[in-house]
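Shown here: work-v4.txt, compact mmCIF, C-alpha atoms.
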```
# COMPACT_ATOMS: atom_id res chain seq x y z
CA MET A 1 -1.56 1.01 -48.40
CA ASN A 2 -1.81 -2.63 -49.51
CA MET A 3 0.29 -2.07 -52.63
CA GLN A 4 2.84 0.01 -50.74
CA ALA A 5 3.17 -2.28 -47.71
CA GLY A 6 6.11 -4.25 -49.08
CA ARG A 7 8.04 -1.10 -49.99
CA ILE A 8 7.37 0.41 -46.56
CA ARG A 9 8.62 -2.75 -44.84
CA SER A 10 11.81 -2.88 -46.88
CA ALA A 11 12.59 0.81 -46.45
CA LEU A 12 11.91 0.76 -42.73
CA LEU A 13 13.98 -2.35 -42.02
CA ALA A 14 16.92 -1.10 -44.10
CA TRP A 15 16.85 2.23 -42.24
CA TYR A 16 16.63 0.51 -38.84
CA ARG A 17 19.58 -1.77 -39.43
CA LYS A 18 21.71 1.24 -40.26
CA ASN A 19 20.41 3.78 -37.74
CA ARG A 20 19.12 1.96 -34.67
CA ARG A 21 20.32 3.16 -31.29
CA ALA A 22 22.67 0.93 -29.31
CA LEU A 23 20.56 -0.07 -26.31
CA PRO A 24 21.51 -2.82 -23.83
CA TRP A 25 18.34 -4.87 -24.33
CA ARG A 26 19.00 -4.96 -28.07
CA GLU A 27 22.26 -6.81 -27.46
CA THR A 28 20.49 -9.92 -26.14
CA ARG A 29 17.92 -12.49 -27.21
CA ASP A 30 17.37 -13.54 -23.60
CA PRO A 31 13.55 -13.45 -23.20
CA TYR A 32 13.91 -12.62 -19.49
CA ARG A 33 15.94 -9.47 -20.15
CA ILE A 34 13.67 -8.45 -23.02
CA TRP A 35 10.68 -8.82 -20.69
CA ILE A 36 12.32 -6.68 -18.00
CA SER A 37 13.17 -3.94 -20.52
CA GLU A 38 9.68 -3.83 -22.00
CA VAL A 39 8.05 -3.49 -18.59
CA MET A 40 10.50 -0.76 -17.58
CA LEU A 41 9.83 1.10 -20.83
CA GLN A 42 6.12 1.35 -20.05
CA GLN A 43 5.46 5.10 -19.68
CA THR A 44 9.18 5.80 -19.16
CA ARG A 45 11.83 7.36 -21.42
CA VAL A 46 14.62 5.17 -22.79
CA SER A 47 17.34 7.38 -21.28
CA ALA A 48 15.79 7.01 -17.82
CA VAL A 49 15.44 3.23 -18.12
CA ILE A 50 19.02 2.32 -19.11
CA PRO A 51 20.72 2.63 -15.67
CA PHE A 52 17.80 0.98 -13.89
CA TYR A 53 17.72 -1.89 -16.41
CA GLU A 54 21.41 -2.59 -15.85
CA LYS A 55 21.10 -2.33 -12.06
CA PHE A 56 17.99 -4.55 -11.95
CA THR A 57 19.25 -7.28 -14.28
CA ASN A 58 22.62 -7.37 -12.50
CA ARG A 59 20.89 -7.82 -9.15
CA PHE A 60 18.19 -10.26 -10.37
CA GLN A 61 19.88 -12.24 -13.11
CA THR A 62 17.22 -14.95 -13.43
CA ILE A 63 13.50 -15.38 -12.97
CA ASP A 64 14.29 -17.49 -9.90
CA ALA A 65 16.26 -14.65 -8.31
CA LEU A 66 13.44 -12.20 -9.00
CA ALA A 67 10.80 -14.57 -7.61
CA LEU A 68 12.73 -15.15 -4.37
CA ALA A 69 13.65 -11.51 -3.64
CA SER A 70 12.20 -9.79 -0.60
CA GLU A 71 9.80 -6.93 -1.25
CA GLN A 72 12.17 -4.46 0.41
CA GLU A 73 15.04 -5.52 -1.85
CA LEU A 74 12.82 -5.50 -4.93
CA LEU A 75 11.50 -1.99 -4.27
CA ALA A 76 14.89 -0.61 -3.26
CA THR A 77 16.35 -1.83 -6.58
CA TRP A 78 13.45 -0.28 -8.51
CA ALA A 79 13.30 2.95 -6.45
CA GLY A 80 13.42 6.09 -8.58
CA LEU A 81 11.96 4.55 -11.72
CA GLY A 82 8.36 5.19 -10.68
CA TYR A 83 5.11 3.28 -11.28
CA TYR A 84 6.11 0.76 -8.62
CA SER A 85 3.26 -1.61 -9.39
CA ARG A 86 5.41 -2.66 -12.37
CA ALA A 87 8.05 -4.12 -10.03
CA ARG A 88 5.47 -5.97 -7.97
CA ASN A 89 3.82 -7.34 -11.10
CA LEU A 90 7.19 -8.52 -12.39
CA GLN A 91 7.71 -10.50 -9.22
CA ARG A 92 4.16 -11.89 -9.26
CA ALA A 93 4.69 -12.97 -12.87
CA ALA A 94 8.06 -14.54 -12.01
CA ARG A 95 6.42 -16.65 -9.32
CA ILE A 96 3.68 -17.73 -11.73
CA ILE A 97 6.31 -18.74 -14.30
CA ILE A 98 8.19 -20.80 -11.69
CA ALA A 99 4.89 -22.47 -10.75
CA MET A 100 4.42 -23.40 -14.44
CA GLY A 101 7.54 -25.54 -14.14
CA LEU A 102 9.68 -23.35 -16.38
CA ASP A 103 13.29 -22.89 -15.32
CA GLY A 104 14.86 -19.72 -14.03
CA TYR A 105 15.79 -18.42 -17.48
CA ALA A 106 12.63 -19.32 -19.38
CA LEU A 107 9.52 -17.38 -20.35
CA PRO A 108 6.32 -18.74 -21.89
CA ARG A 109 6.77 -18.91 -25.67
CA ASP A 110 3.22 -18.10 -26.80
CA TYR A 111 1.48 -14.74 -26.94
CA GLU A 112 -1.64 -15.73 -24.98
CA THR A 113 0.30 -17.04 -21.97
CA ILE A 114 2.61 -14.01 -21.98
CA ARG A 115 -0.41 -11.69 -22.21
CA ALA A 116 -2.01 -13.37 -19.19
CA LEU A 117 0.92 -12.58 -16.87
CA PRO A 118 0.48 -9.71 -14.36
CA GLY A 119 1.49 -6.29 -15.64
CA ILE A 120 1.49 -7.25 -19.32
CA GLY A 121 -0.95 -5.67 -21.76
CA ASP A 122 -1.43 -6.08 -25.48
CA TYR A 123 1.55 -3.91 -26.44
CA THR A 124 4.04 -5.50 -24.02
CA ALA A 125 2.93 -9.02 -24.93
CA ALA A 126 3.33 -8.26 -28.64
CA ALA A 127 6.78 -6.74 -28.08
CA ILE A 128 8.04 -9.71 -26.06
CA ALA A 129 6.49 -12.30 -28.38
CA SER A 130 7.92 -10.72 -31.53
CA ILE A 131 11.36 -9.67 -30.26
CA ALA A 132 12.13 -12.73 -28.13
CA PHE A 133 10.35 -15.44 -30.12
CA ASP A 134 9.78 -14.05 -33.66
CA LEU A 135 6.00 -14.40 -33.30
CA PRO A 136 3.94 -12.25 -35.73
CA HIS A 137 2.25 -9.79 -33.37
CA ALA A 138 2.25 -6.07 -34.17
CA VAL A 139 3.01 -3.53 -31.46
CA LEU A 140 0.92 -0.42 -30.99
CA ASP A 141 2.50 2.11 -28.63
CA GLY A 142 2.44 5.91 -28.76
CA ASN A 143 5.28 6.10 -31.27
CA VAL A 144 3.65 3.60 -33.62
CA LEU A 145 0.28 5.34 -33.35
CA ARG A 146 1.89 8.65 -34.31
CA VAL A 147 3.73 7.18 -37.30
CA LEU A 148 0.67 5.39 -38.64
CA SER A 149 -1.68 8.31 -38.05
CA ARG A 150 0.60 10.50 -40.19
CA VAL A 151 1.21 7.92 -42.88
CA THR A 152 -2.55 7.39 -43.31
CA ALA A 153 -3.70 10.92 -42.31
CA GLU A 154 -6.02 9.28 -39.77
CA PRO A 155 -8.83 11.79 -39.02
CA GLY A 156 -10.07 10.16 -35.80
CA ASP A 157 -9.12 11.13 -32.25
CA ILE A 158 -6.05 9.09 -31.32
CA ALA A 159 -7.52 8.49 -27.84
CA SER A 160 -10.63 6.77 -29.14
CA ALA A 161 -10.89 2.98 -29.20
CA SER A 162 -12.20 2.92 -32.77
CA THR A 163 -9.24 4.95 -34.06
CA ARG A 164 -6.76 2.73 -32.27
CA ALA A 165 -8.50 -0.35 -33.63
CA ARG A 166 -8.17 0.94 -37.20
CA LEU A 167 -4.49 1.75 -36.72
CA GLY A 168 -3.99 -1.62 -35.07
CA GLN A 169 -5.32 -3.34 -38.18
CA ILE A 170 -2.92 -1.31 -40.32
CA ALA A 171 -0.01 -2.21 -38.03
CA THR A 172 -0.89 -5.89 -38.39
CA ALA A 173 -1.15 -5.61 -42.17
CA LEU A 174 2.26 -3.90 -42.37
CA LEU A 175 4.05 -6.31 -40.05
CA HIS A 176 6.96 -8.21 -41.57
CA ARG A 177 5.95 -11.82 -40.94
CA LYS A 178 9.44 -13.28 -41.22
CA ASN A 179 11.11 -10.61 -39.11
CA PRO A 180 8.44 -9.21 -36.78
CA GLY A 181 10.80 -8.32 -33.95
CA ASP A 182 13.04 -6.04 -36.00
CA PHE A 183 10.06 -4.54 -37.81
CA ASN A 184 8.30 -3.69 -34.55
CA GLN A 185 11.46 -2.14 -33.17
CA ALA A 186 12.01 -0.26 -36.43
CA ILE A 187 8.62 1.45 -36.45
CA MET A 188 8.94 2.31 -32.75
CA GLU A 189 12.44 3.66 -33.37
CA LEU A 190 11.15 5.79 -36.23
CA GLY A 191 8.57 7.37 -33.94
CA ALA A 192 11.11 7.90 -31.16
CA THR A 193 13.88 9.49 -33.26
CA VAL A 194 12.42 10.81 -36.55
CA CYS A 195 8.63 11.07 -36.55
CA LEU A 196 8.69 13.32 -33.50
CA PRO A 197 5.57 14.92 -32.01
CA ARG A 198 6.46 18.62 -32.47
CA ASP A 199 9.35 18.59 -34.92
CA PRO A 200 9.15 15.64 -37.31
CA ARG A 201 12.35 15.11 -39.29
CA CYS A 202 10.63 14.32 -42.55
CA GLY A 203 13.76 15.03 -44.59
CA VAL A 204 15.47 11.91 -43.22
CA CYS A 205 12.40 9.68 -42.87
CA PRO A 206 12.77 6.43 -44.83
CA ILE A 207 9.03 6.24 -45.53
CA ALA A 208 8.33 9.95 -46.22
CA ALA A 209 7.38 9.06 -49.80
CA PHE A 210 4.47 6.99 -48.48
CA CYS A 211 3.23 9.51 -45.90
CA GLU A 212 -0.09 11.20 -46.64
CA ALA A 213 0.44 13.87 -43.97
CA ARG A 214 3.80 14.80 -45.51
CA ARG A 215 2.30 14.90 -49.00
CA THR A 216 -0.26 17.50 -47.91
CA GLY A 217 2.06 19.41 -45.60
CA ARG A 218 -0.05 18.65 -42.49
CA GLN A 219 2.40 16.62 -40.40
CA LEU A 220 1.77 18.66 -37.25
CA GLN A 221 -2.00 18.13 -37.47
CA TYR A 222 -1.57 14.41 -36.76
CA PRO A 223 -2.29 12.53 -34.65
CA VAL A 224 -5.60 14.22 -33.91
CA LYS A 225 -5.94 14.78 -30.16
CA GLN A 226 -8.43 16.26 -27.77
CA GLY A 227 -7.34 19.26 -25.71
CA PRO A 228 -4.90 18.55 -22.84
CA ILE A 229 -6.22 17.90 -19.35
CA ARG A 230 -5.31 20.80 -17.09
CA ALA A 231 -3.31 19.74 -14.05
CA THR A 232 -4.78 20.29 -10.59
CA GLN A 233 -2.61 22.36 -8.27
CA ALA A 234 -2.16 21.28 -4.63
CA GLU A 235 -0.02 22.09 -1.58
CA LYS A 236 1.73 19.60 0.69
CA GLN A 237 4.15 19.76 3.63
CA LEU A 238 6.75 17.17 4.67
CA LEU A 239 8.61 17.10 7.98
CA VAL A 240 12.27 16.22 8.46
CA ILE A 241 12.60 15.14 12.09
CA GLU A 242 16.07 14.04 13.15
CA ARG A 243 17.34 12.34 16.28
CA GLY A 244 21.08 11.78 16.13
CA ASP A 245 21.82 9.85 12.94
CA ASN A 246 18.17 8.85 12.51
CA ILE A 247 15.24 10.36 10.61
CA LEU A 248 11.58 9.66 11.34
CA PHE A 249 9.60 7.84 8.64
CA TRP A 250 6.39 5.89 8.18
CA GLN A 251 5.78 3.06 5.74
CA HIS A 252 2.92 2.87 3.26
CA PRO A 253 0.72 -0.13 4.15
CA ALA A 254 0.07 -3.07 1.84
CA PRO A 255 -3.39 -1.87 0.70
CA SER A 256 -1.75 1.17 -0.94
CA ARG A 257 -1.82 0.30 -4.63
CA ARG A 258 0.99 2.56 -5.80
CA LEU A 259 3.46 2.94 -2.92
CA ALA A 260 2.95 -0.09 -0.69
CA GLY A 261 6.17 -0.85 1.17
CA PHE A 262 7.76 2.54 0.54
CA TRP A 263 8.99 4.78 3.33
CA GLU A 264 7.70 8.35 3.51
CA LEU A 265 8.38 11.44 5.59
CA PRO A 266 5.49 12.47 7.85
CA GLU A 267 3.12 15.36 7.23
CA PRO A 268 2.08 17.85 9.94
CA GLU A 269 -1.46 16.41 10.06
CA GLN A 270 -0.02 13.04 11.05
CA LEU A 271 2.00 14.49 13.93
CA PRO A 272 -0.03 17.36 15.44
CA LYS A 273 2.34 17.55 18.45
CA ALA A 274 5.43 18.12 16.32
CA ARG A 275 7.09 21.52 16.71
CA LEU A 276 7.72 23.14 13.34
CA HIS A 277 10.95 25.16 13.20
CA ARG A 278 11.83 26.39 9.74
CA GLU A 279 11.33 25.87 6.03
CA VAL A 280 14.41 24.33 4.40
CA GLY A 281 13.19 24.19 0.82
CA THR A 282 10.36 23.61 -1.63
CA PHE A 283 9.97 21.52 -4.77
CA ARG A 284 7.32 20.52 -7.27
CA HIS A 285 6.14 16.98 -7.81
CA SER A 286 3.52 15.67 -10.22
CA ILE A 287 1.36 12.59 -9.77
CA VAL A 288 -0.87 11.85 -12.77
CA ASN A 289 -2.85 15.10 -13.25
CA THR A 290 -2.05 16.70 -9.90
CA GLN A 291 0.93 19.01 -9.46
CA TYR A 292 2.06 19.48 -5.87
CA ARG A 293 4.10 22.30 -4.40
CA VAL A 294 5.84 20.57 -1.51
CA GLN A 295 7.20 22.59 1.42
CA VAL A 296 9.94 20.90 3.45
CA LEU A 297 10.08 21.78 7.14
CA ARG A 298 12.51 20.93 9.93
CA ALA A 299 10.69 19.84 13.08
CA THR A 300 11.16 18.16 16.45
CA LEU A 301 8.98 15.70 18.29
CA GLY A 302 8.91 14.41 21.85
CA ARG A 303 7.10 11.09 22.01
CA VAL A 304 6.90 9.15 18.75
CA PRO A 305 3.42 7.64 18.18
CA ALA A 306 2.81 4.14 16.88
CA GLY A 307 3.23 3.68 13.16
CA PHE A 308 6.46 5.70 12.84
CA GLU A 309 10.05 4.44 12.85
CA TRP A 310 13.54 5.89 13.07
CA LEU A 311 15.72 4.95 10.10
CA SER A 312 19.48 5.45 10.03
CA GLN A 313 20.62 7.99 7.45
CA ARG A 314 23.57 5.76 6.62
CA LYS A 315 21.26 2.93 5.52
CA LEU A 316 18.61 4.84 3.59
CA ASN A 317 19.97 3.48 0.30
CA GLU A 318 19.03 0.00 1.49
CA VAL A 319 15.30 0.71 1.82
CA PRO A 320 12.76 1.94 -0.73
CA LEU A 321 12.11 5.66 -0.23
CA SER A 322 9.34 7.49 -2.03
CA THR A 323 10.40 10.05 -4.62
CA THR A 324 8.94 12.87 -2.53
CA ALA A 325 10.96 11.73 0.49
CA LYS A 326 14.15 11.71 -1.58
CA LYS A 327 13.47 15.21 -2.89
CA ALA A 328 12.66 16.50 0.60
CA LEU A 329 15.86 15.03 2.08
CA LEU A 330 17.86 16.61 -0.72
CA CYS A 331 16.32 20.01 0.14
CA SER A 332 17.20 19.48 3.79
CA ALA A 333 20.78 18.44 3.00
CA LYS A 334 21.33 21.49 0.76
CA TRP A 335 19.97 23.79 3.47
CA SER A 336 22.28 22.23 6.06
CA ALA A 337 25.28 22.62 3.76
CA ASN A 338 24.56 26.33 3.31
CA ALA A 339 23.48 27.12 6.88
```
Spell out the structure here as structure tokens.
Amino acid sequence: MNMQAGRIRSALLAWYRKNRRALPWRETRDPYRIWISEVMLQQTRVSAVIPFYEKFTNRFQTIDALALASEQELLATWAGLGYYSRARNLQRAARIIIAMGLDGYALPRDYETIRALPGIGDYTAAAIASIAFDLPHAVLDGNVLRVLSRVTAEPGDIASASTRARLGQIATALLHRKNPGDFNQAIMELGATVCLPRDPRCGVCPIAAFCEARRTGRQLQYPVKQGPIRATQAEKQLLVIERGDNILFWQHPAPSRRLAGFWELPEPEQLPKARLHREVGTFRHSIVNTQYRVQVLRATLGRVPAGFEWLSQRKLNEVPLSTTAKKALLCSAKWSANA
């Protein structure tokens, strides 16, 4: 690997400059926008991020604007992207940056300070540091792990800390010191578009000649993984209770780690006096390793207990709704249209 490192760097960078995808965050060197994109890309596909990135950066154009936003506005702008703690951590980090005395467009320029901000781990800090500030820190995300495990025919379980540490050392050794940002993006791009999990496109890979897995014809055996975790199946019911133009909701309290501040439709257990009328649809929804079959029911209710509020249907786009609430309302709307 040591003797081939220079050739791998050159081949990968040349390929990236010719074949990289046109993505909005690649058209800027603004550290703020790079930071937003990297946080959004955590556990989320590029195609899903693009419209949310543009909406979010248009609404909150500076760190100051993000720091001063209300929670309702912040969550409503993020709604639909998932993993909502990312939005809250972005705002917490923005407020910390303002407290550091940096202006509304600035970000800390060293890896350690970036890494210490809420919601930023080793990978995100390395991506921001290298892409925004040309600092020599190697990234290690799922795409990079897959590329390196194939190039080196890594025998260890990709989920183990020792395996990731070995591949991290290789990533650091390969890193182009004068152009770390492009190199990091190049190896991630290779994993995202060529070195695919189930159907690697080895015929067009710029570093196929250096790949041990390709040499032995065992591309699909890497990275080595343990068996998949079987999802738990569960049932859930949501009630759509209307009164004129309003629908009954409740809001997740602040202690809720994942959905604090989001509005949700009630469940029958929360409103035992509600009269259930008819099913208007079902859908499936996964949270981590649990897959829910959600039944949507129309219902009516006399007296509304404390903790529930009527929200106008015309203003639902102004408040953060949970994904399950959005899916349930869509079921209800389709049923009404066909009734």
Item checked: Test item: which residues lie within 12 Å of (19.0, 10.0, 16.1) counting all atoms listed in the file, as JSON, numbers by chain -> {"A": [240, 241, 242, 243, 244, 245, 246, 247, 248, 300, 301, 309, 310, 311, 312, 313, 314]}
Item checked: segment 285-297 of chain A environment, 10 Å, only C-alpha atoms, sequence neighbours closer than 6 positions dropped, as a PyMOL selection string -> chain A and resi 229-241+265+267-268+276-279+323-325+327-332
Note to self: As an exercise, work out the distance from atom CA of Arg275 of chain A to atom CA of Asn338 of chain A in Å and give it to one decimal place.
What the structure shows: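 Here the two named atoms are 22.5 Å from each other.
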Next item on the list: Counting all atoms listed in the file, find the residues whose atoms lie at most 9 Å from (3.2, 7.4, -32.7) (file coordinates) and write them out as a PyMOL selection string.
Entry: chain A and resi 140-150+187-188+190-192+195-197+223
Checklist line | Residue nearest Gly80 of chain A - candidates A:Pro51, A:Gly307, A:Pro266, A:Gly156, atoms counted: only C-alpha atoms | finding: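 Selected residue with least distance to Gly80 of chain A: A:Pro51.
As for atom CA of Ile128 of chain A and atom CA of Glu38 of chain A, they are spaced 7.3 Å apart.
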Checklist line | Distance criterion (all atoms listed in the file): nearest to Gln226 of chain A out of A:Met40, A:Phe183, A:Ser160, A:Ala76 | finding: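 Of the candidates, the smallest distance to Gln226 of chain A is held by A:Ser160.
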Margin query: Let me make sure I understand: among A:Ala22, A:Ala209, A:Ala93, A:Ala132, which one has the smallest atom-to-atom distance to Thr113 of chain A if we use all atoms listed in the file?
Written below: A:Ala93
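With atom CA of Leu174 of chain A on one side and atom CA of Ala5 of chain A on the other, the separation reads 5.7 Å.
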Next item on the list: Return the single residue from A:Leu81, A:Val139, A:Ile36, A:Ala99 that is closest to Ala173 of chain A, with distances computed using all atoms listed in the file.
Entry: A:Val139
Margin query: Can you pull out the residues contacting Pro253 of chain A? Cut-off 10 Å, using only C-alpha atoms, and skip same-chain residues under 6 positions away; I want them as a PyMOL selection string.
Written below: chain A and resi 259-263
Note to self: My list of candidates is A:Trp335, A:Asp134, A:Leu102, A:Thr44. Which is closest to Val280 of chain A when distances are computed with only C-alpha atoms?
What the structure shows: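 With only C-alpha atoms as the atom set, the closest residue is A:Trp335.
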Check: Hey, which of A:Gln72, A:Ser162, A:Gln4, A:Thr77 ends up closest to Asn58 of chain A? Count only C-alpha atoms.
Finding: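 Nearest candidate to Asn58 of chain A out of A:Gln72, A:Ser162, A:Gln4, A:Thr77: A:Thr77.
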Contacts of Ala129 of chain A at 10 Å or less, counting all atoms listed in the file, minus same-chain residues fewer than 2 places along, as a PDB file with C-alpha atoms, keeping the file's coordinate frame?
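As written to disk, out_27.pdb reads:
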```pdb
ATOM      1  CA  PRO A  31      13.550 -13.450 -23.200  1.00  0.00           C
ATOM      2  CA  ILE A  34      13.670  -8.450 -23.020  1.00  0.00           C
ATOM      3  CA  TRP A  35      10.680  -8.820 -20.690  1.00  0.00           C
ATOM      4  CA  LEU A 107       9.520 -17.380 -20.350  1.00  0.00           C
ATOM      5  CA  PRO A 108       6.320 -18.740 -21.890  1.00  0.00           C
ATOM      6  CA  ARG A 109       6.770 -18.910 -25.670  1.00  0.00           C
ATOM      7  CA  ASP A 110       3.220 -18.100 -26.800  1.00  0.00           C
ATOM      8  CA  TYR A 111       1.480 -14.740 -26.940  1.00  0.00           C
ATOM      9  CA  GLU A 112      -1.640 -15.730 -24.980  1.00  0.00           C
ATOM     10  CA  ILE A 114       2.610 -14.010 -21.980  1.00  0.00           C
ATOM     11  CA  ARG A 115      -0.410 -11.690 -22.210  1.00  0.00           C
ATOM     12  CA  TYR A 123       1.550  -3.910 -26.440  1.00  0.00           C
ATOM     13  CA  THR A 124       4.040  -5.500 -24.020  1.00  0.00           C
ATOM     14  CA  ALA A 125       2.930  -9.020 -24.930  1.00  0.00           C
ATOM     15  CA  ALA A 126       3.330  -8.260 -28.640  1.00  0.00           C
ATOM     16  CA  ALA A 127       6.780  -6.740 -28.080  1.00  0.00           C
ATOM     17  CA  ILE A 131      11.360  -9.670 -30.260  1.00  0.00           C
ATOM     18  CA  ALA A 132      12.130 -12.730 -28.130  1.00  0.00           C
ATOM     19  CA  PHE A 133      10.350 -15.440 -30.120  1.00  0.00           C
ATOM     20  CA  ASP A 134       9.780 -14.050 -33.660  1.00  0.00           C
ATOM     21  CA  LEU A 135       6.000 -14.400 -33.300  1.00  0.00           C
ATOM     22  CA  PRO A 136       3.940 -12.250 -35.730  1.00  0.00           C
ATOM     23  CA  HIS A 137       2.250  -9.790 -33.370  1.00  0.00           C
ATOM     24  CA  ALA A 138       2.250  -6.070 -34.170  1.00  0.00           C
ATOM     25  CA  VAL A 139       3.010  -3.530 -31.460  1.00  0.00           C
ATOM     26  CA  PRO A 180       8.440  -9.210 -36.780  1.00  0.00           C
ATOM     27  CA  GLY A 181      10.800  -8.320 -33.950  1.00  0.00           C
TER      28      GLY A 181
END
```
